[in-house]
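J.: Take a look at the following structure, please.
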Amino acid sequence: MEDVIPLLEIEDLSVEVEERQVLFSVNLAIGAGETHVLLGPNGSGKTTLLNTIMGLPAYRVTSGRILFGGTDITPMPIDERAKLGIGMAFQRPPAVRGVKLRQLIHVAGDGGGMEERLSGLVRNLDLDRLMDRDVNMGFSGGETKRSEMAQLLAQAPAITLFDEPESGVDLDNIAVVGEAMNALLKPGTVAERKGAGLIVTHTGHILEYVNADVGHVLLNGKLACQGNPLDLLEEIGRSGYQKCVECALCDQ
Ligand SMILES: Nc1ncnc2c1ncn2[C@@H]1O[C@H](COP(=O)(O)OP(=O)(O)OP(=O)(O)O)[C@@H](O)[C@H]1O
Ligand SMILES: [Mg+2]
C-alpha cells in the first residue's frame, strides 16, 4: 500500500528559548482532517511547541524538522506558514493598536467575502460591536477568543493550533468557541476539506464540544504518552501527570 504523507510531521524536534532548551526530540504526526489534543502540566512546553510550529522567531530549532504536506517548513517565516495553511489561536493573543478587527479579518480572508460566506457563524460570534475597534484592545477574555475565531474562520487553515481555547471563557462562550472550532475542523463549513487541529487543553472542557482523535502528554519538554484523549484526561484527573509515564493507556 502507498504511504500517505501526514499533513504535519514533527521529527526529532528540539527547541531552545532564551538559550534554554525547552523541547527535547519531539516526534508527532497529524494526518489531514485529524484532531489531536496536547496535555501537560504548566511549563512543560505546550505553548512552545505550538509557537515553534507556527514559526515565532524566539523559538530556535536546535535539531529536527517540521514538515507540512511533505515540505520542510523549519526555515520558513510565520507569514509563509500561514499562507501554506497553518493557523493559530494564541493562549494570550496580543492587542494590535491601529488595526481594526474588520481590517484584520479582511486580510486573513485574503479579501474574500468572509462575512457573506460565514454570516451565520459571524452572527453567533456576536462581533458587530467589535468589528470597528482596534484588535483585542480592551476586549474581554471572551471577546478576544471570539475575535480570534473569526480571524481563523476567515483564514480557513488546513491545520489550526489552539492554545487553551477555553481559558478565560465562560460557559456560554465556550459553546460559541466550540462551534467555531467545529466549523474549522469539520468538512464543508469554511472549506471543502475537513481541517486538522492540535488543541492544548488543561481542563478538557472543550472536548465536550469538539471531538478529538488522539491525545498526547508532554512532560518536561518530552512527549511521554499517547492515547485516547478522554481516557488520558480521566487518568490524569485520577492520578496526576507523573503517573502518565507508566500508565497502561500508553501505546508508545
Ligand atoms: N519567549 C520566552 N522567553 C523565555 N522563556 C520562555 C519563552 N517561551 C517559553 N519559555 C519558557 O519555556 C518553558 C515552557 O513554557 P511554555 O509556555 O511552553 O509552557 P506551557 O506548557 O505552555 O505552560 P502553561 O500550561 O502554563 O501554558 C517555561 O519555563 C517558559 O518560561
Ligand atoms: Mg501554555
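Order determines the names: the first chain of the C-alpha cells is A, the second B, and so forth; residues in each chain are numbered 1 upward, and ligands are numbered 1 upward as they are shown.
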With only C-alpha atoms as the counted atoms, please give the residues lying no more than 10 Å from A:Leu161, apart from itself and same-chain residues fewer than 5 positions off, as an mmCIF file with N, CA and C atoms, in the first residue's frame.
T.:
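Just written: selection30.cif:
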data_model
loop_
_atom_site.group_PDB
_atom_site.id
_atom_site.type_symbol
_atom_site.label_atom_id
_atom_site.label_comp_id
_atom_site.auth_asym_id
_atom_site.auth_seq_id
_atom_site.Cartn_x
_atom_site.Cartn_y
_atom_site.Cartn_z
ATOM 1 N N THR A 35 -7.838 15.480 14.503
ATOM 2 C CA THR A 35 -7.720 16.424 15.614
ATOM 3 C C THR A 35 -6.971 15.743 16.758
ATOM 4 N N HIS A 36 -5.888 16.377 17.170
ATOM 5 C CA HIS A 36 -5.084 15.851 18.279
ATOM 6 C C HIS A 36 -5.172 16.808 19.465
ATOM 7 N N VAL A 37 -4.988 16.243 20.654
ATOM 8 C CA VAL A 37 -5.027 17.044 21.875
ATOM 9 C C VAL A 37 -3.674 16.931 22.558
ATOM 10 N N THR A 47 2.909 25.450 24.819
ATOM 11 C CA THR A 47 2.861 26.676 24.012
ATOM 12 C C THR A 47 4.106 26.786 23.142
ATOM 13 N N LEU A 49 5.768 24.378 21.803
ATOM 14 C CA LEU A 49 5.609 23.501 20.635
ATOM 15 C C LEU A 49 4.719 24.172 19.587
ATOM 16 N N LEU A 50 3.594 24.725 20.014
ATOM 17 C CA LEU A 50 2.680 25.376 19.062
ATOM 18 C C LEU A 50 3.349 26.599 18.416
ATOM 19 N N ASN A 51 4.015 27.421 19.237
ATOM 20 C CA ASN A 51 4.679 28.614 18.692
ATOM 21 C C ASN A 51 5.780 28.237 17.695
ATOM 22 N N ILE A 53 5.791 25.481 15.818
ATOM 23 C CA ILE A 53 5.137 25.032 14.574
ATOM 24 C C ILE A 53 4.695 26.251 13.755
ATOM 25 N N MET A 54 4.185 27.282 14.468
ATOM 26 C CA MET A 54 3.715 28.494 13.773
ATOM 27 C C MET A 54 4.887 29.316 13.250
ATOM 28 N N ILE A 86 -1.358 27.036 7.875
ATOM 29 C CA ILE A 86 -1.252 26.811 9.322
ATOM 30 C C ILE A 86 -1.830 28.029 10.040
ATOM 31 N N GLY A 87 -2.755 27.789 10.964
ATOM 32 C CA GLY A 87 -3.363 28.887 11.714
ATOM 33 C C GLY A 87 -3.215 28.641 13.200
ATOM 34 N N MET A 88 -3.267 29.709 13.980
ATOM 35 C CA MET A 88 -3.099 29.533 15.422
ATOM 36 C C MET A 88 -4.002 30.468 16.221
ATOM 37 N N ALA A 89 -4.650 29.887 17.238
ATOM 38 C CA ALA A 89 -5.393 30.659 18.234
ATOM 39 C C ALA A 89 -4.502 30.717 19.464
ATOM 40 N N PHE A 90 -3.994 31.924 19.767
ATOM 41 C CA PHE A 90 -2.981 32.065 20.814
ATOM 42 C C PHE A 90 -3.570 31.976 22.218
ATOM 43 N N ALA A 196 -7.569 19.999 10.058
ATOM 44 C CA ALA A 196 -6.918 19.270 11.151
ATOM 45 C C ALA A 196 -6.725 20.232 12.321
ATOM 46 N N GLY A 197 -6.502 19.677 13.513
ATOM 47 C CA GLY A 197 -6.309 20.528 14.674
ATOM 48 C C GLY A 197 -5.345 19.935 15.685
ATOM 49 N N LEU A 198 -4.684 20.823 16.424
ATOM 50 C CA LEU A 198 -3.887 20.431 17.588
ATOM 51 C C LEU A 198 -4.331 21.352 18.720
ATOM 52 N N ILE A 199 -4.966 20.770 19.736
ATOM 53 C CA ILE A 199 -5.607 21.563 20.791
ATOM 54 C C ILE A 199 -4.883 21.359 22.121
ATOM 55 N N VAL A 200 -4.391 22.442 22.699
ATOM 56 C CA VAL A 200 -3.856 22.370 24.057
ATOM 57 C C VAL A 200 -5.011 22.650 25.021
#
J.: Within 9 Å of ligand 2, counting only C-alpha atoms and all ligand atoms, which protein or nucleic acid residues do you find, written as an MDAnalysis selection string?
T.: chainID A and resid 42:48 50 91:92 163:164 200
J.: Within 10 Å of stretch 3-15 of chain A, counting only C-alpha atoms, which residues qualify if same-chain residues fewer than 5 places away don't, as an mmCIF file with C-alpha atoms, in the first residue's frame?
T.:
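Written out: part.cif:
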data_model
loop_
_atom_site.group_PDB
_atom_site.id
_atom_site.type_symbol
_atom_site.label_atom_id
_atom_site.label_comp_id
_atom_site.auth_asym_id
_atom_site.auth_seq_id
_atom_site.Cartn_x
_atom_site.Cartn_y
_atom_site.Cartn_z
ATOM 1 C CA ARG A 20 17.304 27.338 27.456
ATOM 2 C CA GLN A 21 16.264 24.022 25.941
ATOM 3 C CA VAL A 22 12.507 23.583 26.349
ATOM 4 C CA LEU A 23 11.627 20.767 23.902
ATOM 5 C CA PHE A 24 13.573 17.531 23.575
ATOM 6 C CA SER A 25 13.336 15.273 20.479
ATOM 7 C CA VAL A 26 9.595 15.592 19.975
ATOM 8 C CA ASN A 27 8.019 13.341 17.314
ATOM 9 C CA LEU A 28 4.409 13.896 16.292
ATOM 10 C CA ALA A 29 2.392 13.254 13.131
ATOM 11 C CA ILE A 30 -1.057 14.664 12.380
ATOM 12 C CA GLY A 31 -2.939 13.413 9.332
ATOM 13 C CA ALA A 32 -5.225 15.596 7.196
ATOM 14 C CA GLY A 33 -8.539 16.048 8.985
ATOM 15 C CA GLU A 34 -7.297 14.612 12.303
ATOM 16 C CA GLY A 45 6.454 23.248 26.743
ATOM 17 C CA THR A 48 6.496 26.421 22.927
ATOM 18 C CA LEU A 49 5.609 23.501 20.635
ATOM 19 C CA THR A 52 7.522 26.678 17.060
ATOM 20 C CA ILE A 53 5.137 25.032 14.574
ATOM 21 C CA ALA A 58 12.004 33.500 19.608
ATOM 22 C CA TYR A 59 11.836 29.699 19.267
ATOM 23 C CA ARG A 60 15.118 28.298 17.964
ATOM 24 C CA VAL A 61 15.089 24.809 16.485
ATOM 25 C CA THR A 62 18.345 23.163 17.551
ATOM 26 C CA SER A 63 17.642 19.786 15.953
ATOM 27 C CA GLY A 64 14.983 18.053 13.907
ATOM 28 C CA ARG A 65 12.499 19.498 11.452
ATOM 29 C CA ILE A 66 8.857 20.308 10.801
ATOM 30 C CA LEU A 67 7.234 19.056 7.597
ATOM 31 C CA PHE A 68 3.936 20.352 6.260
ATOM 32 C CA GLY A 69 2.445 18.301 3.430
ATOM 33 C CA GLY A 70 5.902 16.765 2.998
ATOM 34 C CA THR A 71 7.672 20.162 2.652
ATOM 35 C CA ASP A 72 10.299 21.146 5.215
ATOM 36 C CA THR A 74 11.564 24.657 9.523
ATOM 37 C CA ILE A 86 -1.252 26.811 9.322
ATOM 38 C CA ALA A 158 -5.677 23.338 6.759
ATOM 39 C CA ILE A 159 -4.492 22.874 10.349
ATOM 40 C CA ALA A 196 -6.918 19.270 11.151
ATOM 41 C CA GLY A 221 9.558 19.051 27.129
ATOM 42 C CA LYS A 222 9.250 15.382 26.105
#
J.: Name all residues at most 12 Å from A:Gly138 (count only C-alpha atoms; drop same-chain ones fewer than 4 positions away) and give them as a CSV table (one decimal) with N, CA and C atoms, in the first residue's frame.
T.:
chain,number,residue,atom,x,y,z
A,93,PRO,N,-3.6,36.2,23.1
A,93,PRO,CA,-3.5,37.0,21.8
A,93,PRO,C,-3.1,38.4,22.1
A,94,PRO,N,-2.2,39.0,21.3
A,94,PRO,CA,-1.7,40.4,21.5
A,94,PRO,C,-2.8,41.4,21.0
A,95,ALA,N,-2.8,42.6,21.6
A,95,ALA,CA,-3.6,43.6,21.1
A,95,ALA,C,-2.8,44.3,20.0
A,96,VAL,N,-3.5,44.8,19.0
A,96,VAL,CA,-2.9,45.4,17.8
A,96,VAL,C,-3.4,46.8,17.7
A,97,ARG,N,-2.7,47.8,18.2
A,97,ARG,CA,-3.2,49.2,18.1
A,97,ARG,C,-3.2,49.7,16.7
A,130,LEU,N,-17.6,44.8,17.8
A,130,LEU,CA,-16.1,44.7,17.9
A,130,LEU,C,-15.4,45.0,16.6
A,133,ARG,N,-13.3,48.2,16.3
A,133,ARG,CA,-12.4,48.5,17.4
A,133,ARG,C,-11.0,48.0,17.0
A,134,ASP,N,-10.0,48.6,17.6
A,134,ASP,CA,-8.6,48.0,17.5
A,134,ASP,C,-8.6,46.6,18.0
A,142,GLY,N,-13.6,36.7,26.7
A,142,GLY,CA,-14.5,36.1,25.8
A,142,GLY,C,-14.5,36.7,24.4
A,143,GLU,N,-14.4,38.1,24.4
A,143,GLU,CA,-14.4,38.8,23.2
A,143,GLU,C,-13.1,38.6,22.4
A,144,THR,N,-12.0,38.5,23.1
A,144,THR,CA,-10.7,38.2,22.5
A,144,THR,C,-10.8,36.8,21.8
J.: So how many Å separate atom 9 (C, counted along the ligand's line) of ligand 1 and atom CA of A:Gly215, to one decimal?
T.: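 Spanning atom 9 (C, counted along the ligand's line) of ligand 1 to atom CA of A:Gly215 is a straight-line distance of 21.8 Å.
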